[in-house]
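Undergrad: Pasting in a structure now, in structure tokens, and then I'll have a few things to ask.
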Number of protein chains: 2
Amino acid sequence: MDMKVKTNGSTKEFRTVWLDGTVIRMIDQSKLPFHFRIIEAKTCNEIAEAIQRMTIRGTLAIGAAGAFSIAQTCLKYEGDSLQELKDLAESCAKRIISTRPTGVDLARKVTRVLDIVRGATDLQSAVNLSVIEAQRVADEDVEVCKKIGENGSDLLGEECRVLTHCNTGLGAVDYGTALGVIRRVNDQGKKITVYVTETRPWSQGARLTTWEMLNEGIPHYLITDASAGMLMHRGEIDVCIVGADRIARNGDTANKVGTYQLAVLAKENRIPFYVATPLSTFDLSVETGDEIPLEERDQEEVLFSPLGLTLNGEVSTVRIAPEESKARNFVFDITPHNYITAFITERGVVREPYRKNIMKSLEN
Amino acid sequence: MDMKVKTNGSTKEFRTVWLDGTVIRMIDQSKLPFHFRIIEAKTCNEIAEAIQRMTIRGTLAIGAAGAFSIAQTCLKYEGDSLQELKDLAESCAKRIISTRPTGVDLARKVTRVLDIVRGATDLQSAVNLSVIEAQRVADEDVEVCKKIGENGSDLLGEECRVLTHCNTGLGAVDYGTALGVIRRVNDQGKKITVYVTETRPWSQGARLTTWEMLNEGIPHYLITDASAGMLMHRGEIDVCIVGADRIARNGDTANKVGTYQLAVLAKENRIPFYVATPLSTFDLSVETGDEIPLEERDQEEVLFSPLGLTLNGEVSTVRIAPEESKARNFVFDITPHNYITAFITERGVVREPYRKNIMKSLEN
């Protein structure tokens, strides 16, 4: 486990989410970097709410949380009806999948464990096999991220100024996608500087990616979302790397809002724009980005600043706009494939023509 | 005066900055929209500090404040040496002009009043004429903005979704530049919706432009800086209008950081991108944007959220990033002229070829 955190003077390592007996534990991402707190979920509903509140977030992390939730539902079942257990698992899966419509990984990981339950012929094997499958989902995620890191590292030079958006470390179970590449390049001893976009309104960049950079000792600068373009134009960025929530058959990519504009600006300034992502985020059932539903969240997130530390040392939020003003709060956007230089996956780097090469990667 | 504010149930109107006897009064822009507060400056140093702290901000507003500051220096002079007064005025001008290097209007307006002092042949005329000139600077600013509003209004259709960046109303003495166009279009009864970018780190959009929209009763949505591009791509923006701090001979434009990327995105999505600005922001002494110095401010502004209202009703700031993280805080950027559809000035709309047509407008 690679998520290093200093607690009480000693360094401990944590995954973003894990199953501990019948309890799902996870890092509370809503309080970082001010409070490092492990919280627990004992029911399917608690996991669904944690995802909705973004206590846990990021396509791979919520995918694993969802997988664990199905296993937990089985583990905690006290009745003696296999059919009842299957119904409970179906209903939990439905509840979890409904929380975040844009990504595809959550539905896939949940369904993967649900399919095990569906196929079970007795109660005990439903429990045992669902736990094994959920754990496999989480472990595979870490392995996949390490391969992505390895495969992406060759794309970055000996001295490299990288721009990344949102958060792709705590957004995975461990190691990270775009962060995985950055981490690997840093481990190789290359000289890397990371420009971290704030990523309003939830400020995943300002709160989470900076915290990861500090944990890893990677030199970094926080920048506002509005200054990314000018830095590219001034020649201060060598490469952009982001993650993804869902990728259509043609390569159109749904990711954190702001990704689209970074990709346009990168192309305009002839800077490579890479999407580091597992093959599990490719969704052949959608032809283009137009078919991917884009979540819009409560306007309050835009009208307020994210949780921060007040001058009195309290963790609080502040309203930054008049009470009568309205806001629009898009969470994701679609980056058309022609702005993407390549996808960095666990099976290698996928380049244009995407329709053909994405298919080839998935068939391997 | 058009800046309407409801205070104690009645509607009062204010300019952003004005001279009241020997005191310069101004709206404290650092506390809006939570507290509407008029503060006063009694010395040149107080004006310089107000500009540095951004209590007063915006190229035209600080230009007028600077002009008043020279007049105030004269008004408050109690000695009997014309040379000493001239020296004081020179030194005040130097102090004020040094506060914000990117814009050109501040230096011009200050120098305009300073030149009157320089040319004065007796103390009394130095005082009288500097006050008249400073007042003229402020009054002309308002007239110019009204003409800009008039000249720009024809460019917007009967139903129009406008994106604007930063703040251009309180950034002027009154009426506003980009806001002037929006205000005029709204007054004409056209159906207008304004998308207001947050404009981190100081959140001029979230705090000031929203407040102006509410005062004017103009329908508006606050959006994050990272979601402007996706809105353009989805076809939800018809036109972009921003202000300017300095424009080079070739049309390259310095303005609030984030302007460059909005302009690139507008061009990519075939959306007109207009710069509404007085001719006083054109600077023929610089050939291209490369020669315009770009101010970089304290990283703390990025590591913190702007002043907001806590849940306890206090106006406070919160730290949003780890204490050990570093930030870069660019305040302005340069938008190359080829991304700009036209300049809206008090003498009409200036289109390409800019080098020729800017010169023509200034010669008129």
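Convention: chains lettered A, B, ... in structure tokens order; per-chain residue numbering from 1; ligands numbered from 1 as shown.
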Could the residues of stretch 15-112 of chain B that have an atom at most 10 Å from stretch 305-325 of chain A be listed as a Markdown table, each with its closest atom pair and the distance in Å to one decimal, counting only C-alpha atoms and ordered by chain and ascending residue number?

TA:
| residue | atom | partner | partner_atom | distance |
| --- | --- | --- | --- | --- |
| B:Leu32 | CA | A:Pro322 | CA | 8.8 |
| B:Pro33 | CA | A:Pro322 | CA | 6.0 |
| B:Phe34 | CA | A:Pro322 | CA | 7.3 |

Undergrad: Leaving out B:Arg136 and any residue of its chain fewer than 2 positions from it, which residues lie within 12 Å of it when counting only C-alpha atoms, given as a PyMOL selection string?

TA: chain B and resi 18-19+64+67-68+71+109+112-113+129-134+138-144+173

Undergrad: Let me make sure I understand: among A:Ala50, A:Ala263, A:Ile241, A:Leu222, which one has the smallest atom-to-atom distance to chain B if we use only C-alpha atoms?

TA: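 Among A:Ala50, A:Ala263, A:Ile241, A:Leu222, it is A:Leu222 that comes nearest to chain B.
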
Undergrad: Figure out the distance between atom CA of B:Ala172 and atom CA of B:Gly149, please, to one decimal in Å.

TA: 12.8 Å

Undergrad: Write out as a list in words the residues lying within 8 Å of B:Thr102, counting only C-alpha atoms and excluding same-chain residues fewer than 6 positions away.

TA: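 The contact residues come out as Asp245, Arg246, Ala254, Ile292, Pro293, Leu294, Glu295 and Phe332 of chain B.
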
Undergrad: Using DSSP assignments from the backbone, pull out every residue in stretch 154-351 of chain B that falls under helix (DSSP H, G or I) and give it to me as a PyMOL selection string.

TA: chain B and resi 178-187+204-216+225-233+259-268+279-281+289-291+300-303+337-339

Undergrad: Could you turn the residues from that selection into a file that holds C-alpha atoms, as a PDB file, in the first residue's frame?

TA:
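That gives us selection.pdb:
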ATOM      1  CA  ALA B 178     -18.248  44.918 -20.574  1.00  0.00           C
ATOM      2  CA  LEU B 179     -20.933  45.477 -17.935  1.00  0.00           C
ATOM      3  CA  GLY B 180     -21.855  48.680 -19.777  1.00  0.00           C
ATOM      4  CA  VAL B 181     -22.713  46.662 -22.871  1.00  0.00           C
ATOM      5  CA  ILE B 182     -24.651  44.091 -20.824  1.00  0.00           C
ATOM      6  CA  ARG B 183     -26.476  46.865 -18.953  1.00  0.00           C
ATOM      7  CA  ARG B 184     -27.379  48.688 -22.163  1.00  0.00           C
ATOM      8  CA  VAL B 185     -28.656  45.513 -23.822  1.00  0.00           C
ATOM      9  CA  ASN B 186     -30.743  44.744 -20.752  1.00  0.00           C
ATOM     10  CA  ASP B 187     -32.112  48.314 -20.716  1.00  0.00           C
ATOM     11  CA  GLN B 204     -14.414  39.108  -8.667  1.00  0.00           C
ATOM     12  CA  GLY B 205     -17.080  37.272 -10.650  1.00  0.00           C
ATOM     13  CA  ALA B 206     -18.588  35.380  -7.712  1.00  0.00           C
ATOM     14  CA  ARG B 207     -18.516  38.353  -5.356  1.00  0.00           C
ATOM     15  CA  LEU B 208     -18.827  41.509  -7.450  1.00  0.00           C
ATOM     16  CA  THR B 209     -20.342  40.766 -10.865  1.00  0.00           C
ATOM     17  CA  THR B 210     -23.127  38.646  -9.354  1.00  0.00           C
ATOM     18  CA  TRP B 211     -23.849  41.533  -6.972  1.00  0.00           C
ATOM     19  CA  GLU B 212     -24.086  43.954  -9.894  1.00  0.00           C
ATOM     20  CA  MET B 213     -26.363  41.567 -11.799  1.00  0.00           C
ATOM     21  CA  LEU B 214     -28.656  41.417  -8.773  1.00  0.00           C
ATOM     22  CA  ASN B 215     -28.650  45.213  -8.468  1.00  0.00           C
ATOM     23  CA  GLU B 216     -29.617  45.501 -12.120  1.00  0.00           C
ATOM     24  CA  ASP B 225     -13.734  28.979 -14.300  1.00  0.00           C
ATOM     25  CA  ALA B 226     -13.250  25.356 -15.373  1.00  0.00           C
ATOM     26  CA  SER B 227     -16.735  24.984 -16.826  1.00  0.00           C
ATOM     27  CA  ALA B 228     -16.708  27.935 -19.252  1.00  0.00           C
ATOM     28  CA  GLY B 229     -15.286  25.823 -22.068  1.00  0.00           C
ATOM     29  CA  MET B 230     -17.832  23.015 -21.815  1.00  0.00           C
ATOM     30  CA  LEU B 231     -20.680  25.531 -21.838  1.00  0.00           C
ATOM     31  CA  MET B 232     -19.310  27.020 -25.058  1.00  0.00           C
ATOM     32  CA  HIS B 233     -18.892  23.562 -26.535  1.00  0.00           C
ATOM     33  CA  THR B 259      -9.109  35.773 -20.473  1.00  0.00           C
ATOM     34  CA  TYR B 260      -6.624  34.061 -22.789  1.00  0.00           C
ATOM     35  CA  GLN B 261      -8.146  30.642 -22.328  1.00  0.00           C
ATOM     36  CA  LEU B 262     -11.702  31.938 -22.733  1.00  0.00           C
ATOM     37  CA  ALA B 263     -10.675  33.578 -26.004  1.00  0.00           C
ATOM     38  CA  VAL B 264      -9.057  30.387 -27.319  1.00  0.00           C
ATOM     39  CA  LEU B 265     -12.174  28.407 -26.384  1.00  0.00           C
ATOM     40  CA  ALA B 266     -14.461  30.981 -27.978  1.00  0.00           C
ATOM     41  CA  LYS B 267     -12.526  30.840 -31.244  1.00  0.00           C
ATOM     42  CA  GLU B 268     -12.507  27.027 -31.177  1.00  0.00           C
ATOM     43  CA  LEU B 279      -9.230  53.934 -26.005  1.00  0.00           C
ATOM     44  CA  SER B 280      -7.179  54.950 -22.954  1.00  0.00           C
ATOM     45  CA  THR B 281      -6.183  51.301 -22.480  1.00  0.00           C
ATOM     46  CA  GLY B 289       1.741  41.620 -25.755  1.00  0.00           C
ATOM     47  CA  ASP B 290       5.224  40.239 -25.085  1.00  0.00           C
ATOM     48  CA  GLU B 291       6.298  43.682 -23.900  1.00  0.00           C
ATOM     49  CA  GLU B 300      -1.413  33.110  -0.363  1.00  0.00           C
ATOM     50  CA  GLU B 301      -4.314  34.375  -2.507  1.00  0.00           C
ATOM     51  CA  VAL B 302      -4.384  31.012  -4.292  1.00  0.00           C
ATOM     52  CA  LEU B 303      -3.817  28.918  -1.166  1.00  0.00           C
ATOM     53  CA  HIS B 337      -5.029  39.628 -31.091  1.00  0.00           C
ATOM     54  CA  ASN B 338      -6.005  36.805 -33.444  1.00  0.00           C
ATOM     55  CA  TYR B 339      -8.425  35.431 -30.814  1.00  0.00           C
TER      56      TYR B 339
END

Undergrad: Name the residues in contact with B:Glu352 at a cut-off of 10 Å, using only C-alpha atoms, excluding same-chain residues fewer than 4 positions from it; report them as a PyMOL selection string.

TA: chain B and resi 250-251+337-338+340-343+356-358

Undergrad: Can you write just those residues out, C-alpha atoms, as a PDB file, in the first residue's frame?

TA:
ATOM      1  CA  ASN B 250      -1.091  44.974 -32.647  1.00  0.00           C
ATOM      2  CA  GLY B 251      -4.195  44.272 -30.542  1.00  0.00           C
ATOM      3  CA  HIS B 337      -5.029  39.628 -31.091  1.00  0.00           C
ATOM      4  CA  ASN B 338      -6.005  36.805 -33.444  1.00  0.00           C
ATOM      5  CA  ILE B 340     -10.271  38.738 -30.499  1.00  0.00           C
ATOM      6  CA  THR B 341     -13.276  39.373 -32.747  1.00  0.00           C
ATOM      7  CA  ALA B 342     -13.366  43.132 -32.117  1.00  0.00           C
ATOM      8  CA  PHE B 343     -12.732  45.889 -29.595  1.00  0.00           C
ATOM      9  CA  LYS B 356      -4.143  49.928 -38.823  1.00  0.00           C
ATOM     10  CA  ASN B 357      -7.584  50.316 -37.260  1.00  0.00           C
ATOM     11  CA  ILE B 358      -6.413  50.911 -33.681  1.00  0.00           C
TER      12      ILE B 358
END

Undergrad: With distances taken over only C-alpha atoms, which of A:Cys160, A:Cys240, A:Ala93, A:Val196 is nearest to A:Tyr221?

TA: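 Looking at the shortest contact to A:Tyr221, the residue is A:Val196.
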
Undergrad: Given the choices B:Gln52, B:Thr345, B:Ser30, B:Gln188, which gets closest to chain A if the distance is worked out from only C-alpha atoms?

TA: B:Ser30

Undergrad: Rounded to one decimal in Å, what is the spacing between atom CA of B:Asn269 and atom CA of B:Pro353?

TA: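 Separation of atom CA of B:Asn269 and atom CA of B:Pro353: 21.8 Å.
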
Undergrad: Pick from A:Gly21, A:Pro219, A:Gly243, A:Pro278: nearest to chain B, with only C-alpha atoms counted?

TA: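 Residue with the minimum atom-to-atom distance to chain B: A:Pro219.
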
Undergrad: Could you pull the residues within 12 Å of B:Ile62, counting only C-alpha atoms, minus those fewer than 6 positions along the same chain, as a PyMOL selection string?

TA: chain B and resi 16-18+24+26-27+29+47-56+68-69+96-97+99-100+103-110+137-138+141+170-173+245
